[in-house]
2 protein chains.
Amino acid sequence: MPRPRSLTPTQLATAALAVIDRDGLAGLSMRAVAKELGVSTMALYRYVEDREQLEELVVELVICAAAAEPPPAELPWRERLGILAVRLRDAVAAHPSAVPLTLTHRHTSPGLLRWSETVLAVLAEAGFEDGRRTVALRCLLAHVIGAIQLDHLAPLPGRDAGTGPPAADFPHLSRAARHTRNVSAGQEFREGLAVLLRGLEA
Amino acid sequence: MPRPRSLTPTQLATAALAVIDRDGLAGLSMRAVAKELGVSTMALYRYVEDREQLEELVVELVICAAAAEPPPAELPWRERLGILAVRLRDAVAAHPSAVPLTLTHRHTSPGLLRWSETVLAVLAEAGFEDGRRTVALRCLLAHVIGAIQLDHLAPLPGRDAGTGPPAADFPHLSRAARHTRNVSAGQEFREGLAVLLRGLEA
DNA sequence: GGCCGTAGGTGTACGGCGTACACGAAACAG
DNA sequence: CTGTTTCGTGTACGCCGTACACCTACGGCC
């Protein structure tokens with residue numbers, strides 16, 4: 001076949017991610033990615049159907065870092081699940097501006113399928129039956145996704161200093177905000193994860 | 001002051017939500033909302049700074065339904081938290097097409113602040129100390145937000161029939177998908193919630 | 001009751017977006 | 001060397017959000 005392609009899907013994804021990391025999600029456009037790669041805008045359409053598919057490539061690039069391999073088999077299941085959850089969170093959190101994309105296109109990512117499969121395998125090995133296994137996976141995914149949202153689409157009301165809620169109307173909340181300021185997002189994530197994992201034993 | 005306004009912010013939000021419910025999120029545009037209200041496009045800018053602020057109005061309209069009032073005080077704290085979580089989930093789930101907006105603008109919603117404050121009050125009454133109270137709120141919020149995502153931005157891989165993952169590569173996952181098909185999203189949410197609430201006791 | 005100032009509503013216009021389409025150019029098969 | 005097929009490009013269209021200048025309807029004051 002004549003005229004071999006000059007780009008790979010991975011290059012597209014990398015370029016798009018670079019644009020996002022540099023200019024924010026709002027800066028992502030077909031034109032911007034094309035410029036980043038030094039090709040014409042329409043060239044991209046030889047590789048992807050539309051912008052949405054480009055976004056999916058980006059998400060896969062972000063997530064596949066988390067699905068690398070199963071965690072050490074000698075650890076107890078709770079620790080293994082913890083490792084998997086933290087890995088996924090860290091992979092996504094490494095590109096904060098891309099978080100909304102990650103959430104929107106999560107379900108098309110083969111990497112996340114592999115991650116889920118690994119989680120289910122650990123649960124199966126730990127003796128969870130069908131039903132509770134599914135619930136457990138859902139809980140873990142929900143926790144990771146939800147926590148990412150809380151951290152990157154807006155802190156717990158008042159995390160980043162100044163502009164908390166009016167303390168008078170929301171006493172508990174501003175108290176919580178004050179406490180939260182002294183703890184890193186990762187630390188809070190792990191604490192929450194511990195709560196969840198404790199709930200899973202039974 | 002001359003020339004009283006002919007619209008209220010609530011009318012804007014309602015019109016925008018109507019557009020979203022009818023035409024999907026992609027159908028939301030300043031022009032569409034203006035047409036829905038029978039005014040010119042630019043008239044909207046007398047009420048909101050920009051499109052983003054309009055979206056915030058929509059989100060507040062969706063969420064305020066969940067923050068109506070504290071749950072019955074005579075129930076044990078776990079049930080009260082469960083009620084609050086379910087309420088929030090149901091309010092958001094009532095407008096599936098608006099879910100991405102809800103997630104993006106969640107943090108600007110006074111309604112969600114009130115909801116959080118109520119949760120914290122319940123936790124305080126239940127004897128949770130500062131630190132664990134914050135963690136618990138985070139867990140609940142993360143669970144609700146994450147679950148909404150899982151349900152509305154894409155089912156657990158393979159929820160809606162046909163196009164599950166290739167069964168050969170992901171045996172556990174396709175098994176889970178088969179199981180999930182027989183359970184409603186709301187049911188699964190409540191089961192996951194129970195896991196989480198169990199984890200909170202300690 | 002009439003005028004005036006002000007704020008509300010409108011119309012036009014611009015730059016940027018995603019992308020359909022038709023074209024020129026490059027590289028392998030013979 | 002030539003033909004074929006695909007890749008990459010340029011142009012153009014219809015949307016979008018929204019800046020700006022304009023007209024207009026109304027409440028306050030005389």
# chains A, B, ... in the order shown; residues from 1 in each chain; ligands from 1

call {"tool": "interface_residues", "arguments": {"of": "chain A", "to": "chain C", "cutoff": "12 Å", "atoms": "only C-alpha atoms (C1' of nucleotides)", "output": "PyMOL selection string"}}
result
chain A and resi 1-6+26-32+41-45+48-52

call {"tool": "interface_residues", "arguments": {"of": "chain D", "to": "chain A", "cutoff": "9 Å", "atoms": "only C-alpha atoms (C1' of nucleotides)", "output": "number ranges by chain"}}
result
D: 4-9

call {"tool": "atom_distance", "arguments": {"atom1": "CA of Phe128 in chain B", "atom2": "CA of Arg175 in chain A"}}
result
13.2 Å

call {"tool": "closest_residue", "arguments": {"among": "B:Ile83, B:Ala73, B:Ala142, B:Ile148", "to": "chain A", "atoms": "only C-alpha atoms"}}
result
B:Ala142

call {"tool": "closest_residue", "arguments": {"among": "A:Leu150, A:Ala167, A:Leu88, A:Ala93", "to": "chain B", "atoms": "only C-alpha atoms"}}
result
A:Leu150

call {"tool": "atom_distance", "arguments": {"atom1": "CA of Glu36 in chain B", "atom2": "CA of Pro96 in chain B"}}
result
20.0 Å

call {"tool": "atom_distance", "arguments": {"atom1": "CA of Ala126 in chain A", "atom2": "CA of Glu79 in chain B"}}
result
28.9 Å

call {"tool": "select_by_dssp", "arguments": {"residues": "range 9-155 of chain B", "states": "helix (DSSP H, G or I)", "output": "compact mmCIF listing (two decimals) with C-alpha atoms, in the first residue's frame"}}
result
# COMPACT_ATOMS: atom_id res chain seq x y z
CA PRO B 9 -32.57 33.45 37.13
CA THR B 10 -34.77 30.48 37.97
CA GLN B 11 -36.58 30.87 34.67
CA LEU B 12 -33.23 30.84 32.88
CA ALA B 13 -32.20 27.70 34.70
CA THR B 14 -35.52 26.00 34.05
CA ALA B 15 -35.41 26.82 30.36
CA ALA B 16 -31.84 25.59 30.05
CA LEU B 17 -32.69 22.40 31.88
CA ALA B 18 -35.65 21.88 29.58
CA VAL B 19 -33.37 22.21 26.57
CA ILE B 20 -30.94 19.72 28.09
CA ASP B 21 -33.64 17.21 28.96
CA ARG B 22 -35.11 17.49 25.46
CA ASP B 23 -32.06 17.82 23.20
CA LEU B 25 -26.30 18.36 26.69
CA ALA B 26 -24.92 18.97 23.21
CA GLY B 27 -28.09 20.85 22.39
CA MET B 30 -27.12 30.35 24.50
CA ARG B 31 -29.15 30.58 21.33
CA ALA B 32 -31.24 27.54 22.20
CA VAL B 33 -32.04 28.78 25.69
CA ALA B 34 -32.93 32.22 24.36
CA LYS B 35 -35.29 30.69 21.84
CA GLU B 36 -36.83 28.55 24.59
CA LEU B 37 -37.59 31.74 26.50
CA THR B 41 -29.72 35.55 22.52
CA MET B 42 -28.00 38.52 24.00
CA ALA B 43 -30.78 39.15 26.48
CA LEU B 44 -29.42 36.26 28.53
CA TYR B 45 -26.28 38.22 29.18
CA ARG B 46 -28.27 40.65 31.30
CA ARG B 51 -22.39 30.42 29.54
CA GLU B 52 -20.61 28.91 32.50
CA GLN B 53 -22.70 30.91 34.91
CA LEU B 54 -25.84 29.70 33.17
CA GLU B 55 -24.64 26.15 33.67
CA GLU B 56 -24.13 26.88 37.34
CA LEU B 57 -27.72 28.02 37.60
CA VAL B 58 -28.85 24.76 36.07
CA VAL B 59 -26.77 22.72 38.49
CA GLU B 60 -28.11 24.61 41.45
CA LEU B 61 -31.64 23.99 40.23
CA VAL B 62 -30.92 20.28 40.00
CA ILE B 63 -29.15 19.94 43.31
CA CYS B 64 -31.30 22.13 45.53
CA ALA B 65 -33.95 19.44 45.39
CA ALA B 66 -31.66 17.26 47.49
CA TRP B 77 -27.09 8.18 62.09
CA ARG B 78 -26.33 5.51 59.55
CA GLU B 79 -29.82 5.61 58.16
CA ARG B 80 -29.82 9.37 58.14
CA LEU B 81 -26.64 9.47 56.12
CA GLY B 82 -28.10 6.87 53.78
CA ILE B 83 -31.18 9.00 53.22
CA LEU B 84 -29.07 12.06 52.47
CA ALA B 85 -26.92 10.15 50.02
CA VAL B 86 -29.85 8.60 48.23
CA ARG B 87 -31.59 11.94 48.02
CA LEU B 88 -28.60 13.58 46.40
CA ARG B 89 -28.15 10.74 43.99
CA ASP B 90 -31.80 10.76 42.99
CA ALA B 91 -31.85 14.51 42.46
CA VAL B 92 -28.91 14.34 40.10
CA ALA B 93 -30.03 11.15 38.41
CA PRO B 96 -29.17 12.25 33.27
CA SER B 97 -28.13 14.49 30.41
CA ALA B 98 -27.15 17.18 32.87
CA VAL B 99 -24.88 14.88 34.87
CA PRO B 100 -21.62 16.16 33.37
CA LEU B 101 -22.66 19.69 34.25
CA THR B 102 -23.59 18.65 37.73
CA LEU B 103 -20.18 17.16 38.25
CA THR B 104 -18.29 20.06 36.75
CA HIS B 105 -20.06 22.79 38.64
CA ARG B 106 -20.90 20.95 41.81
CA HIS B 107 -18.58 23.05 43.92
CA THR B 108 -20.36 26.33 43.15
CA PRO B 110 -25.00 26.50 47.61
CA GLY B 111 -27.38 23.56 47.70
CA LEU B 112 -24.50 21.14 47.90
CA LEU B 113 -22.92 23.20 50.63
CA ARG B 114 -26.11 22.89 52.63
CA TRP B 115 -26.16 19.16 51.96
CA SER B 116 -22.58 18.82 53.18
CA GLU B 117 -23.31 20.86 56.24
CA THR B 118 -26.20 18.59 57.08
CA VAL B 119 -24.04 15.51 56.66
CA LEU B 120 -21.41 16.96 58.94
CA ALA B 121 -24.03 17.80 61.53
CA VAL B 122 -25.23 14.20 61.56
CA LEU B 123 -21.67 12.97 61.87
CA ALA B 124 -20.97 15.35 64.72
CA GLU B 125 -24.05 14.20 66.54
CA ASP B 130 -13.02 16.47 63.49
CA GLY B 131 -10.65 14.43 61.40
CA ARG B 132 -12.81 11.41 60.86
CA ARG B 133 -15.78 13.61 60.19
CA THR B 134 -14.04 15.18 57.25
CA VAL B 135 -12.94 11.83 55.93
CA ALA B 136 -16.45 10.50 56.24
CA LEU B 137 -17.92 13.43 54.32
CA ARG B 138 -15.37 12.96 51.60
CA CYS B 139 -16.18 9.27 51.41
CA LEU B 140 -19.88 9.91 51.09
CA LEU B 141 -19.47 12.62 48.49
CA ALA B 142 -17.00 10.55 46.54
CA HIS B 143 -19.31 7.57 46.63
CA VAL B 144 -22.32 9.52 45.43
CA ILE B 145 -20.42 11.36 42.73
CA GLY B 146 -18.58 8.28 41.59
CA ALA B 147 -21.71 6.18 41.47
CA ILE B 148 -23.52 8.81 39.43
CA GLN B 149 -20.67 8.73 36.97
CA LEU B 150 -20.72 4.98 36.75
CA ASP B 151 -24.41 4.93 36.04
CA HIS B 152 -24.81 7.88 33.72

call {"tool": "decode", "arguments": {"residues": "range 24-175 of chain A", "atoms": "C-alpha atoms", "output": "PDB file, in the first residue's frame"}}
result
ATOM      1  CA  GLY A  24      -5.534  23.603  29.884  1.00  0.00           C
ATOM      2  CA  LEU A  25      -8.476  21.652  28.637  1.00  0.00           C
ATOM      3  CA  ALA A  26     -10.006  24.723  27.022  1.00  0.00           C
ATOM      4  CA  GLY A  27      -6.909  24.974  24.856  1.00  0.00           C
ATOM      5  CA  LEU A  28      -7.503  21.584  23.331  1.00  0.00           C
ATOM      6  CA  SER A  29      -8.678  21.845  19.737  1.00  0.00           C
ATOM      7  CA  MET A  30      -8.034  19.974  16.550  1.00  0.00           C
ATOM      8  CA  ARG A  31      -6.140  22.971  15.258  1.00  0.00           C
ATOM      9  CA  ALA A  32      -3.949  23.156  18.357  1.00  0.00           C
ATOM     10  CA  VAL A  33      -3.058  19.476  18.251  1.00  0.00           C
ATOM     11  CA  ALA A  34      -2.292  19.685  14.544  1.00  0.00           C
ATOM     12  CA  LYS A  35      -0.003  22.634  15.137  1.00  0.00           C
ATOM     13  CA  GLU A  36       1.686  20.714  17.970  1.00  0.00           C
ATOM     14  CA  LEU A  37       2.449  17.929  15.517  1.00  0.00           C
ATOM     15  CA  GLY A  38       3.366  20.233  12.670  1.00  0.00           C
ATOM     16  CA  VAL A  39       0.703  18.941  10.317  1.00  0.00           C
ATOM     17  CA  SER A  40      -2.442  20.423   8.894  1.00  0.00           C
ATOM     18  CA  THR A  41      -5.635  20.292  10.897  1.00  0.00           C
ATOM     19  CA  MET A  42      -7.365  17.901   8.581  1.00  0.00           C
ATOM     20  CA  ALA A  43      -4.515  15.434   8.708  1.00  0.00           C
ATOM     21  CA  LEU A  44      -5.750  14.366  12.121  1.00  0.00           C
ATOM     22  CA  TYR A  45      -8.923  13.073  10.567  1.00  0.00           C
ATOM     23  CA  ARG A  46      -6.921  10.332   8.845  1.00  0.00           C
ATOM     24  CA  TYR A  47      -6.341   8.906  12.316  1.00  0.00           C
ATOM     25  CA  VAL A  48      -9.488   9.676  14.246  1.00  0.00           C
ATOM     26  CA  GLU A  49     -13.130   9.902  13.311  1.00  0.00           C
ATOM     27  CA  ASP A  50     -13.707  13.081  15.248  1.00  0.00           C
ATOM     28  CA  ARG A  51     -12.592  15.087  18.224  1.00  0.00           C
ATOM     29  CA  GLU A  52     -14.247  12.710  20.641  1.00  0.00           C
ATOM     30  CA  GLN A  53     -12.119   9.845  19.427  1.00  0.00           C
ATOM     31  CA  LEU A  54      -9.029  11.938  19.915  1.00  0.00           C
ATOM     32  CA  GLU A  55     -10.114  12.537  23.477  1.00  0.00           C
ATOM     33  CA  GLU A  56     -10.507   8.829  23.954  1.00  0.00           C
ATOM     34  CA  LEU A  57      -6.933   8.305  22.827  1.00  0.00           C
ATOM     35  CA  VAL A  58      -5.778  10.806  25.403  1.00  0.00           C
ATOM     36  CA  VAL A  59      -7.714   9.098  28.157  1.00  0.00           C
ATOM     37  CA  GLU A  60      -6.319   5.738  27.263  1.00  0.00           C
ATOM     38  CA  LEU A  61      -2.831   7.173  27.340  1.00  0.00           C
ATOM     39  CA  VAL A  62      -3.448   8.545  30.812  1.00  0.00           C
ATOM     40  CA  ILE A  63      -5.083   5.459  32.217  1.00  0.00           C
ATOM     41  CA  CYS A  64      -2.918   2.725  30.772  1.00  0.00           C
ATOM     42  CA  ALA A  65      -0.191   3.796  33.183  1.00  0.00           C
ATOM     43  CA  ALA A  66      -2.330   2.390  35.996  1.00  0.00           C
ATOM     44  CA  ALA A  67      -3.093  -0.965  34.452  1.00  0.00           C
ATOM     45  CA  ALA A  68       0.493  -1.967  34.015  1.00  0.00           C
ATOM     46  CA  GLU A  69       0.555  -5.156  36.032  1.00  0.00           C
ATOM     47  CA  PRO A  70      -1.155  -6.945  38.914  1.00  0.00           C
ATOM     48  CA  PRO A  71       0.081  -6.032  42.377  1.00  0.00           C
ATOM     49  CA  PRO A  72       2.433  -8.377  44.286  1.00  0.00           C
ATOM     50  CA  ALA A  73       0.499 -11.591  44.875  1.00  0.00           C
ATOM     51  CA  GLU A  74       1.928 -12.230  48.306  1.00  0.00           C
ATOM     52  CA  LEU A  75       0.184  -9.231  49.883  1.00  0.00           C
ATOM     53  CA  PRO A  76      -3.210  -9.598  51.576  1.00  0.00           C
ATOM     54  CA  TRP A  77      -6.125  -8.712  49.344  1.00  0.00           C
ATOM     55  CA  ARG A  78      -6.937  -5.469  51.096  1.00  0.00           C
ATOM     56  CA  GLU A  79      -3.489  -4.103  50.454  1.00  0.00           C
ATOM     57  CA  ARG A  80      -3.583  -5.266  46.877  1.00  0.00           C
ATOM     58  CA  LEU A  81      -6.849  -3.443  46.268  1.00  0.00           C
ATOM     59  CA  GLY A  82      -5.406  -0.399  47.948  1.00  0.00           C
ATOM     60  CA  ILE A  83      -2.408  -0.449  45.651  1.00  0.00           C
ATOM     61  CA  LEU A  84      -4.605  -0.735  42.590  1.00  0.00           C
ATOM     62  CA  ALA A  85      -6.806   2.134  43.700  1.00  0.00           C
ATOM     63  CA  VAL A  86      -3.897   4.396  44.511  1.00  0.00           C
ATOM     64  CA  ARG A  87      -2.251   3.583  41.202  1.00  0.00           C
ATOM     65  CA  LEU A  88      -5.337   4.523  39.247  1.00  0.00           C
ATOM     66  CA  ARG A  89      -5.791   7.697  41.219  1.00  0.00           C
ATOM     67  CA  ASP A  90      -2.193   8.724  40.751  1.00  0.00           C
ATOM     68  CA  ALA A  91      -2.278   8.051  37.036  1.00  0.00           C
ATOM     69  CA  VAL A  92      -5.290  10.277  36.557  1.00  0.00           C
ATOM     70  CA  ALA A  93      -4.153  12.906  39.014  1.00  0.00           C
ATOM     71  CA  ALA A  94      -0.886  13.250  37.116  1.00  0.00           C
ATOM     72  CA  HIS A  95      -2.792  15.227  34.484  1.00  0.00           C
ATOM     73  CA  PRO A  96      -5.207  17.416  36.393  1.00  0.00           C
ATOM     74  CA  SER A  97      -6.424  19.390  33.411  1.00  0.00           C
ATOM     75  CA  ALA A  98      -7.391  16.193  31.671  1.00  0.00           C
ATOM     76  CA  VAL A  99      -9.525  14.960  34.541  1.00  0.00           C
ATOM     77  CA  PRO A 100     -12.871  15.882  32.986  1.00  0.00           C
ATOM     78  CA  LEU A 101     -11.889  13.973  29.868  1.00  0.00           C
ATOM     79  CA  THR A 102     -10.805  11.012  31.918  1.00  0.00           C
ATOM     80  CA  LEU A 103     -14.158  10.901  33.607  1.00  0.00           C
ATOM     81  CA  THR A 104     -16.181  11.370  30.458  1.00  0.00           C
ATOM     82  CA  HIS A 105     -14.414   8.755  28.385  1.00  0.00           C
ATOM     83  CA  ARG A 106     -13.393   6.354  31.117  1.00  0.00           C
ATOM     84  CA  HIS A 107     -15.720   3.646  29.846  1.00  0.00           C
ATOM     85  CA  THR A 108     -14.063   3.385  26.439  1.00  0.00           C
ATOM     86  CA  SER A 109     -10.626   2.755  27.885  1.00  0.00           C
ATOM     87  CA  PRO A 110      -9.236  -0.772  27.504  1.00  0.00           C
ATOM     88  CA  GLY A 111      -6.781   0.123  30.227  1.00  0.00           C
ATOM     89  CA  LEU A 112      -9.593   0.612  32.693  1.00  0.00           C
ATOM     90  CA  LEU A 113     -11.118  -2.684  31.646  1.00  0.00           C
ATOM     91  CA  ARG A 114      -7.841  -4.371  32.463  1.00  0.00           C
ATOM     92  CA  TRP A 115      -7.718  -2.570  35.787  1.00  0.00           C
ATOM     93  CA  SER A 116     -11.238  -3.707  36.607  1.00  0.00           C
ATOM     94  CA  GLU A 117     -10.440  -7.245  35.616  1.00  0.00           C
ATOM     95  CA  THR A 118      -7.468  -7.251  37.936  1.00  0.00           C
ATOM     96  CA  VAL A 119      -9.570  -5.937  40.790  1.00  0.00           C
ATOM     97  CA  LEU A 120     -12.152  -8.636  40.223  1.00  0.00           C
ATOM     98  CA  ALA A 121      -9.459 -11.285  40.159  1.00  0.00           C
ATOM     99  CA  VAL A 122      -8.166 -10.146  43.527  1.00  0.00           C
ATOM    100  CA  LEU A 123     -11.691 -10.143  44.923  1.00  0.00           C
ATOM    101  CA  ALA A 124     -12.356 -13.603  43.575  1.00  0.00           C
ATOM    102  CA  GLU A 125      -9.175 -14.888  45.125  1.00  0.00           C
ATOM    103  CA  ALA A 126     -10.199 -13.298  48.408  1.00  0.00           C
ATOM    104  CA  GLY A 127     -13.355 -15.368  48.346  1.00  0.00           C
ATOM    105  CA  PHE A 128     -15.914 -12.760  47.348  1.00  0.00           C
ATOM    106  CA  GLU A 129     -18.949 -14.294  45.647  1.00  0.00           C
ATOM    107  CA  ASP A 130     -20.382 -12.975  42.395  1.00  0.00           C
ATOM    108  CA  GLY A 131     -22.755 -10.414  43.773  1.00  0.00           C
ATOM    109  CA  ARG A 132     -20.538  -8.890  46.418  1.00  0.00           C
ATOM    110  CA  ARG A 133     -17.645  -8.887  43.993  1.00  0.00           C
ATOM    111  CA  THR A 134     -19.532  -6.640  41.640  1.00  0.00           C
ATOM    112  CA  VAL A 135     -20.583  -4.357  44.441  1.00  0.00           C
ATOM    113  CA  ALA A 136     -17.029  -4.165  45.676  1.00  0.00           C
ATOM    114  CA  LEU A 137     -15.714  -3.222  42.243  1.00  0.00           C
ATOM    115  CA  ARG A 138     -18.350  -0.550  41.934  1.00  0.00           C
ATOM    116  CA  CYS A 139     -17.438   0.814  45.335  1.00  0.00           C
ATOM    117  CA  LEU A 140     -13.779   1.009  44.499  1.00  0.00           C
ATOM    118  CA  LEU A 141     -14.346   2.621  41.130  1.00  0.00           C
ATOM    119  CA  ALA A 142     -16.839   5.061  42.580  1.00  0.00           C
ATOM    120  CA  HIS A 143     -14.440   5.972  45.346  1.00  0.00           C
ATOM    121  CA  VAL A 144     -11.535   6.581  43.015  1.00  0.00           C
ATOM    122  CA  ILE A 145     -13.582   8.519  40.503  1.00  0.00           C
ATOM    123  CA  GLY A 146     -15.380  10.503  43.145  1.00  0.00           C
ATOM    124  CA  ALA A 147     -12.197  11.372  44.974  1.00  0.00           C
ATOM    125  CA  ILE A 148     -10.545  12.527  41.779  1.00  0.00           C
ATOM    126  CA  GLN A 149     -13.485  14.805  41.181  1.00  0.00           C
ATOM    127  CA  LEU A 150     -13.340  16.215  44.662  1.00  0.00           C
ATOM    128  CA  ASP A 151      -9.679  16.988  44.351  1.00  0.00           C
ATOM    129  CA  HIS A 152      -9.448  18.269  40.824  1.00  0.00           C
ATOM    130  CA  LEU A 153     -12.785  19.677  39.842  1.00  0.00           C
ATOM    131  CA  ALA A 154     -12.859  21.547  43.095  1.00  0.00           C
ATOM    132  CA  PRO A 155     -11.469  20.927  46.496  1.00  0.00           C
ATOM    133  CA  LEU A 156     -13.640  20.084  49.393  1.00  0.00           C
ATOM    134  CA  PRO A 157     -15.271  23.469  49.758  1.00  0.00           C
ATOM    135  CA  GLY A 158     -12.457  25.620  50.999  1.00  0.00           C
ATOM    136  CA  ARG A 159      -9.444  23.393  50.505  1.00  0.00           C
ATOM    137  CA  ASP A 160      -7.316  25.943  48.735  1.00  0.00           C
ATOM    138  CA  ALA A 161      -7.304  28.580  51.402  1.00  0.00           C
ATOM    139  CA  GLY A 162      -9.173  31.838  51.295  1.00  0.00           C
ATOM    140  CA  THR A 163     -12.548  31.500  49.717  1.00  0.00           C
ATOM    141  CA  GLY A 164     -14.316  29.021  51.917  1.00  0.00           C
ATOM    142  CA  PRO A 165     -18.034  29.172  52.541  1.00  0.00           C
ATOM    143  CA  PRO A 166     -19.394  31.843  54.860  1.00  0.00           C
ATOM    144  CA  ALA A 167     -18.450  30.447  58.242  1.00  0.00           C
ATOM    145  CA  ALA A 168     -21.571  31.738  59.925  1.00  0.00           C
ATOM    146  CA  ASP A 169     -24.005  29.785  57.763  1.00  0.00           C
ATOM    147  CA  PHE A 170     -21.919  26.630  57.612  1.00  0.00           C
ATOM    148  CA  PRO A 171     -20.102  26.131  60.900  1.00  0.00           C
ATOM    149  CA  HIS A 172     -19.314  22.440  60.488  1.00  0.00           C
ATOM    150  CA  LEU A 173     -18.194  22.957  56.950  1.00  0.00           C
ATOM    151  CA  SER A 174     -15.756  25.728  57.651  1.00  0.00           C
ATOM    152  CA  ARG A 175     -14.412  23.704  60.550  1.00  0.00           C
TER     153      ARG A 175
END
